[in-house]
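Enquirer: Quick one: the structure is below, and I'll ask about it shortly.
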Amino acid sequence: MVRDARYDVLFDPVRIGPVTSRNRFYQTPQCNGMGRTYPTSMAAMRGVKAEGGWGVVFAEQCDFHYTSDNTRNVRLWDEQDIPILARMTDMVHEHGSLAGLMLAHNGFVTPNIISRELPYSPSGGPAFGIFPTHTRAIDRDDIKALHRWTRAAALNAVRAGFDIVNIYAAHDLALPFHFISRRHNQRSDEYGGSLENRVRLLRELIEITKDAIGDKCGVGVRFSVDELIGPKGICCDDEGRDVVEMLAELPDIWDINIGSWPQDSITSRFGEEGRQESYVKFVKQVTTKPVVGVGRFTSPDTMVGQIKRGVLDFIGAARPSIADPFLPEKIRAGRPDDIRECIGCNICVTNNYLGAPIRCTQNPTMSEEWRRGWHPERIERATTDDTVLIVGAGPAGLEAARAMGQRGYHVMLAEARTELGGRVTLESRLPGLNAWARVRDHRVQQIQAMANVEVFLDSRMDAHEVAETGCSLVAIATGSQWRTDGVGRHIRQPVPVADGATILSPDDIMAGTQVSGHVVIYDDDHFYMGSVLAEALVKQGCTVTVVTPAAQFAGFSQMSLEIGHIQRRMAELSVEIVPLTTVEAVGEGYVTTAGVFGTDHQDRACDTVVMVAGQISNDALYKELSQRGGPQRIVAIGDCQAPATIASAVFAGHKFARDLGLADPDIVPFLREDVELSSNLVGWSALPLKGAAE
Ligand code: ADP
Ligand code: SF4
């Protein structure tokens, strides 16, 4: 296919100091839950991004000294850490891309749970979050040490093969940023007071890095120009701009963003593509150095707009490169319609928070590149002569059909409804979740181009009809439904319900049931559904109270970086939140609630109760077919097997297409990289046992 000439500008080479990127696609530092704990998985994932056309591929933030230990990410404390990073740079270089490393000292944000060092800060005070420690205000000697450590890390970064080294000063997560911030810096020496003084540490770290490696590497900075917290923080029309003006030509590249991490990596529910533009567009007017910025860019037209209008020189991306590592290559090859667009759900971030290899709703191969050998674009040709029936076209069924089709199997996909997408179609109609329809749209678009995949709408299948198709392999992807009896994580027996009481499920609301008056949502799901429904119901004119047995409503959203956004929105919509409370019974016109500790029984007047608690699999068809036996092989996938996230359903569909449901559960299905046992037992065995204090 021929590329549209409009997109040519995205493939211009761009210089970054002494090195040149082959194009304008720049994968910014991106946490991945693998880091140094799963190093080959991490390296292979970065290599696949380079293969997919990202001209610059960064590692996640990298600690450069043990006084800032971020347990999950890569680190470069000394030369012992080089091999892990070198594996990554090798894999990136193999495909002609530049490898980047961002040196990070997290200052007071990291509790240093491994190294046990007290966190560093400009002026002392409590550490970040809930950790029961204060920080130590660093002195001039500490700053001199920081200079030494930065130089050493920069030199080691070159030895590890990096082409670009950036200094981290963004997200309120980095010590140089804490020094710049008036909120955090109350020093009276040459590093405090005036902005010139507060910027001094960042300036010195950039200068030292340039001096050490500037002839070999591009040396840049990652900086947040606006904290989005008003005058008490850095603002782009105030000190944010001043900092860029002061340092304008010093770095070889400016990597610019805004806000804290939940703002920078905002979900599509709370922020649109390209929303950083109004904050960052001044940067190119005050520096001649290339500028990279992010904005969950997935549309090549939007990207071209950023370049042509002089906002950015590089299209920065973390999540769009996770959802589709081959995004640049698809544009280059004239296949932009094949891009698997990020939906902005932050499932990727949740796994990073859990310290596990990230997963992605759109890209089931993410983090599986090395350990399962799954490539995002290539899949093994058919290895059996099966004919395949897939029942249900939700995310599991659609992905199974797409991937089986890609393998070359003849596939029939039967869907009971008159539209495809299952829960994705329904949920994408809820407030703020419109972009989630991309999970369906990408797969439908791919399937439509496959002559070997037939789609049957309005085709509810029963066991007899499944048998009649004669297909040898059948995947049952019939999904699940929400319960209305309150049973979930907290309540294990159905709640008593009086005649005349109105109880609805999320399925009812998504099906368009109109509700009025006062609604009590019982949320024992703890993710997005409760707050999204609250929003939908307020928009319908209801007054909403949320009752939850948890101490915090929507607690899992902490991990998707949404909790603060949700709390704010609930407050704006006047949604009442009643935590640590459960439902005991539902009557006509009221719901009986009680504190989770068995106190405070209350009858709360309400017109409707919406139960957002447990779900039940639609597995009747699967069970019937399995019990019947016969020549067909029957496999349950996705929510039919057990209700979970959309990401899990997509993964299940993809896994089915890879292993045809034949994986042997007695064999671990992926490679593992284990800790290498140290041969150094000297220090331990030499303990003075004799005469040691008891
Ligand atoms: P998952 O997340 O596992 O993909 P969904 O609930 O999103 O599950 O999708 C399941 C789909 O299966 C729905 O679109 C539903 O209409 C469809 N479905 C359920 N039962 C049948 C059936 N017997 N025959 C065909 N389609 C079915
Ligand atoms: Fe985008 Fe969601 Fe995938 Fe993260 S998990 S990259 S937000 S689609």
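Order determines the names: the first chain of the structure tokens is A, the second B, and so forth; residues in each chain are numbered 1 upward, and ligands are numbered 1 upward as they are shown.
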Which residues are near ligand 2 - at most 8 Å, using only C-alpha atoms and all ligand atoms? Format: as a VMD selection string.

Expert: chain A and resid 267 318 to 324 341 to 349 359 to 363 647

Enquirer: Output as a list in words all residues of range 433-487 of chain A that backbone DSSP marks as strand (DSSP E).

Expert: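 Strand (DSSP E) assignments inside range 433-487 of chain A correspond to Val453, Glu454, Val455, Phe456, Leu473, Val474, Ala475, Ile476, Ser480, Gln481 and Trp482 of chain A.
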
Enquirer: Write a file of the just-selected residues containing N, CA and C atoms, as a compact mmCIF listing (two decimals), in the first residue's frame.

Expert:
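Ended up saving to part_12.txt:
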```txt
# COMPACT_ATOMS: atom_id res chain seq x y z
N VAL A 453 -13.46 -15.64 7.60
CA VAL A 453 -14.26 -15.45 8.82
C VAL A 453 -15.66 -15.00 8.43
N GLU A 454 -16.64 -15.82 8.81
CA GLU A 454 -18.05 -15.47 8.53
C GLU A 454 -18.71 -15.02 9.82
N VAL A 455 -19.45 -13.93 9.75
CA VAL A 455 -20.11 -13.39 10.95
C VAL A 455 -21.62 -13.55 10.79
N PHE A 456 -22.26 -14.10 11.82
CA PHE A 456 -23.71 -14.28 11.81
C PHE A 456 -24.32 -13.50 12.96
N LEU A 473 -14.11 -27.48 16.38
CA LEU A 473 -13.63 -26.73 17.55
C LEU A 473 -14.59 -25.58 17.83
N VAL A 474 -15.09 -25.53 19.06
CA VAL A 474 -16.10 -24.52 19.41
C VAL A 474 -15.65 -23.73 20.63
N ALA A 475 -15.58 -22.41 20.48
CA ALA A 475 -15.29 -21.55 21.63
C ALA A 475 -16.58 -20.90 22.07
N ILE A 476 -16.92 -21.09 23.33
CA ILE A 476 -18.13 -20.48 23.87
C ILE A 476 -17.71 -19.19 24.59
N SER A 480 -21.26 -12.80 30.46
CA SER A 480 -21.77 -12.90 31.83
C SER A 480 -22.83 -11.84 32.05
N GLN A 481 -23.45 -11.90 33.21
CA GLN A 481 -24.38 -10.83 33.57
C GLN A 481 -24.21 -10.47 35.04
N TRP A 482 -24.64 -9.25 35.36
CA TRP A 482 -24.54 -8.78 36.74
C TRP A 482 -25.67 -9.37 37.57
```

Enquirer: Which neighbours of Met246 in chain A fall inside 10 Å, counting only C-alpha atoms, when residues of the same chain fewer than 2 positions from it are skipped, and could you give them as a PyMOL selection string?

Expert: chain A and resi 195-196+199+203+241-244+248-250+286-287

Enquirer: Taking C-alpha atoms for each residue, export the selection above as a PDB file, in the first residue's frame.

Expert:
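Saved file out-v3.pdb follows:
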```pdb
ATOM      1  CA  LEU A 195      13.854  30.719  40.657  1.00  0.00           C
ATOM      2  CA  GLU A 196      17.421  30.987  39.345  1.00  0.00           C
ATOM      3  CA  VAL A 199      16.611  25.696  39.023  1.00  0.00           C
ATOM      4  CA  ARG A 203      20.892  22.983  35.457  1.00  0.00           C
ATOM      5  CA  ARG A 241       7.691  29.014  31.160  1.00  0.00           C
ATOM      6  CA  ASP A 242      10.501  30.781  33.013  1.00  0.00           C
ATOM      7  CA  VAL A 243      12.327  27.492  33.628  1.00  0.00           C
ATOM      8  CA  VAL A 244      12.182  26.584  29.934  1.00  0.00           C
ATOM      9  CA  ALA A 248      16.247  26.836  26.659  1.00  0.00           C
ATOM     10  CA  GLU A 249      19.312  25.771  24.675  1.00  0.00           C
ATOM     11  CA  LEU A 250      21.045  23.709  27.367  1.00  0.00           C
ATOM     12  CA  VAL A 286      11.473  29.610  23.405  1.00  0.00           C
ATOM     13  CA  THR A 287      13.917  26.906  22.306  1.00  0.00           C
TER      14      THR A 287
END
```

Enquirer: Identify, counting only C-alpha atoms and all ligand atoms, the protein, DNA and RNA residues located within 9 Å of ligand 1, and give them as a PyMOL selection string.

Expert: chain A and resi 390-399+413-426+456-463+476-481+617-621+637-650+652-653

Enquirer: Would you pick out the contacts of Gly274 in chain A at 7 Å or less, using only C-alpha atoms, so that residues sharing its chain but fewer than 5 positions from it are not included, and give the list as a list in words?

Expert: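 Skipping anything fewer than 5 positions along the chain leaves Gly295, Arg296 and Phe297 of chain A.
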
Enquirer: Write to file, as a JSON list (two decimals), in the first residue's frame, the residues of the selection just made, with N, CA, C and O atoms.

Expert:
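Everything below was put into part38.json:
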```json
[["chain", "number", "residue", "atom", "x", "y", "z"],
["A", 295, "GLY", "N", 0.12, 12.82, 24.52],
["A", 295, "GLY", "CA", -1.29, 13.20, 24.52],
["A", 295, "GLY", "C", -2.17, 12.04, 24.06],
["A", 295, "GLY", "O", -3.21, 12.24, 23.46],
["A", 296, "ARG", "N", -1.71, 10.82, 24.35],
["A", 296, "ARG", "CA", -2.43, 9.61, 23.91],
["A", 296, "ARG", "C", -2.77, 9.70, 22.43],
["A", 296, "ARG", "O", -3.88, 9.45, 21.99],
["A", 297, "PHE", "N", -1.75, 10.06, 21.66],
["A", 297, "PHE", "CA", -1.94, 10.24, 20.22],
["A", 297, "PHE", "C", -2.10, 8.90, 19.52],
["A", 297, "PHE", "O", -1.23, 8.04, 19.62]]
```

Enquirer: Hey, can you check how far CA of Leu101 in chain A sits from CA of Asp264 in chain A?

Expert: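 Interatomic distance, CA of Leu101 in chain A to CA of Asp264 in chain A: 19.2 Å.
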
Enquirer: Mind pulling up the distance from CA of Gly96 in chain A to CA of Ala356 in chain A?

Expert: 28.8 Å

Enquirer: Which residue out of A:Arg36, A:Arg22, A:Lys281, A:His147 has the minimum interatomic distance to His65 in chain A when only C-alpha atoms are used?

Expert: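 Under the stated criterion, the closest residue is A:His147.
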
Enquirer: Could you give me, as a VMD selection string, each residue of range 278-340 of chain A that DSSP assigns to helix (DSSP H, G or I) when run on this structure's backbone?

Expert: chain A and resid 278 to 280 283 to 286 300 to 308 319 to 323 327 to 332 336 to 338

Enquirer: Would you mind listing, for every residue of range 250-344 of chain A within 9 Å of range 214-223 of chain A, the two atoms forming the shortest contact and the distance between them in Å to one decimal, using only C-alpha atoms, sorted by chain and ascending residue number, as a tab-separated table?

Expert:
```
residue	atom	partner	partner_atom	distance
A:Leu250	CA	A:Gly220	CA	8.4
A:Pro251	CA	A:Gly220	CA	4.6
A:Asp252	CA	A:Gly220	CA	5.2
A:Ile253	CA	A:Gly220	CA	4.6
A:Trp254	CA	A:Val221	CA	5.5
A:Asp255	CA	A:Arg222	CA	4.5
A:Ile256	CA	A:Phe223	CA	5.2
A:Asn257	CA	A:Phe223	CA	6.4
A:Ile258	CA	A:Phe223	CA	8.1
```

Enquirer: Using only C-alpha atoms, which of the listed residues (A:Thr20, A:Glu588, A:Thr135, A:Val596) sits closest to Pro496 in chain A?

Expert: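 Smallest distance to Pro496 in chain A is found for A:Glu588.
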
Enquirer: Taking 3 positions as the minimum chain separation for residues in the same chain, which residues sit within 7 Å of Leu175 in chain A when counting only C-alpha atoms? Answer as a list in words.

Expert: His105, Asn106, Gly107, Ser121, His178 and Phe179 of chain A

Enquirer: For Ala50 in chain A, which residue out of A:Ser21, A:Gln448, A:Thr592, A:Thr71 is the nearest one, using only C-alpha atoms?

Expert: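 For Ala50 in chain A, the nearest of the given residues is A:Ser21.
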
Enquirer: Separation of CA of Phe270 in chain A and CA of Lys539 in chain A, in Å?

Expert: 16.2 Å

Enquirer: Within 12 Å of range 540-543 of chain A, counting only C-alpha atoms, which residues show up once you throw out same-chain ones fewer than 5 positions away? Write them as a ChimeraX atom specification, please.

Expert: /A:430-431,509,512-521,533-535,570,573-577,605-609

Enquirer: I'd like to know which of A:Ala663, A:Met303, A:Ile114, A:Val311 is closest to Ile331 in chain A, using only C-alpha atoms.

Expert: A:Met303

Enquirer: With a distance cut-off of 7 Å and only C-alpha atoms, select the neighbouring residues of Val74 in chain A, excluding the residue or stretch itself and same-chain residues fewer than 2 positions from it, and output the selection as a list in words.

Expert: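 Neighbouring residues, sequence-local ones excluded: Gly35, Arg36, Glu60, Cys62, Asp63 and Arg72 of chain A.
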
Enquirer: Please save N, CA, C and O atoms of the selected residues as an mmCIF file, in the first residue's frame.

Expert:
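Done, and the output landed in result_39.cif:
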```
data_model
loop_
_atom_site.group_PDB
_atom_site.id
_atom_site.type_symbol
_atom_site.label_atom_id
_atom_site.label_comp_id
_atom_site.auth_asym_id
_atom_site.auth_seq_id
_atom_site.Cartn_x
_atom_site.Cartn_y
_atom_site.Cartn_z
ATOM 1 N N GLY A 35 10.713 -4.189 34.194
ATOM 2 C CA GLY A 35 11.947 -3.567 34.655
ATOM 3 C C GLY A 35 13.062 -4.562 34.871
ATOM 4 O O GLY A 35 13.310 -5.446 34.055
ATOM 5 N N ARG A 36 13.696 -4.445 36.017
ATOM 6 C CA ARG A 36 14.834 -5.332 36.280
ATOM 7 C C ARG A 36 14.402 -6.662 36.868
ATOM 8 O O ARG A 36 15.208 -7.578 37.023
ATOM 9 N N GLU A 60 11.828 2.654 31.097
ATOM 10 C CA GLU A 60 11.100 3.389 32.132
ATOM 11 C C GLU A 60 12.099 4.216 32.948
ATOM 12 O O GLU A 60 13.303 4.072 32.776
ATOM 13 N N CYS A 62 14.770 5.429 35.427
ATOM 14 C CA CYS A 62 15.867 4.606 35.927
ATOM 15 C C CYS A 62 16.488 5.262 37.158
ATOM 16 O O CYS A 62 17.006 6.375 37.091
ATOM 17 N N ASP A 63 16.449 4.573 38.298
ATOM 18 C CA ASP A 63 17.142 5.091 39.495
ATOM 19 C C ASP A 63 18.628 5.089 39.208
ATOM 20 O O ASP A 63 19.154 4.091 38.728
ATOM 21 N N ARG A 72 10.400 -1.349 41.349
ATOM 22 C CA ARG A 72 9.938 -2.053 40.154
ATOM 23 C C ARG A 72 10.788 -1.799 38.919
ATOM 24 O O ARG A 72 10.877 -2.634 38.039
#
```

Enquirer: Quick one: of A:Thr548, A:Thr67, A:Thr502, A:Gln493, who's nearest to Ala145 in chain A, counting only C-alpha atoms?

Expert: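 Smallest separation from Ala145 in chain A among the options: A:Thr67.
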
Enquirer: Under the rule that only C-alpha atoms are counted, which of A:Ile616, A:Ala137, A:Ile143, A:Ala160 is the nearest residue to His184 in chain A?

Expert: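 When distances to His184 in chain A are compared using only C-alpha atoms, the smallest one comes from A:Ala137.
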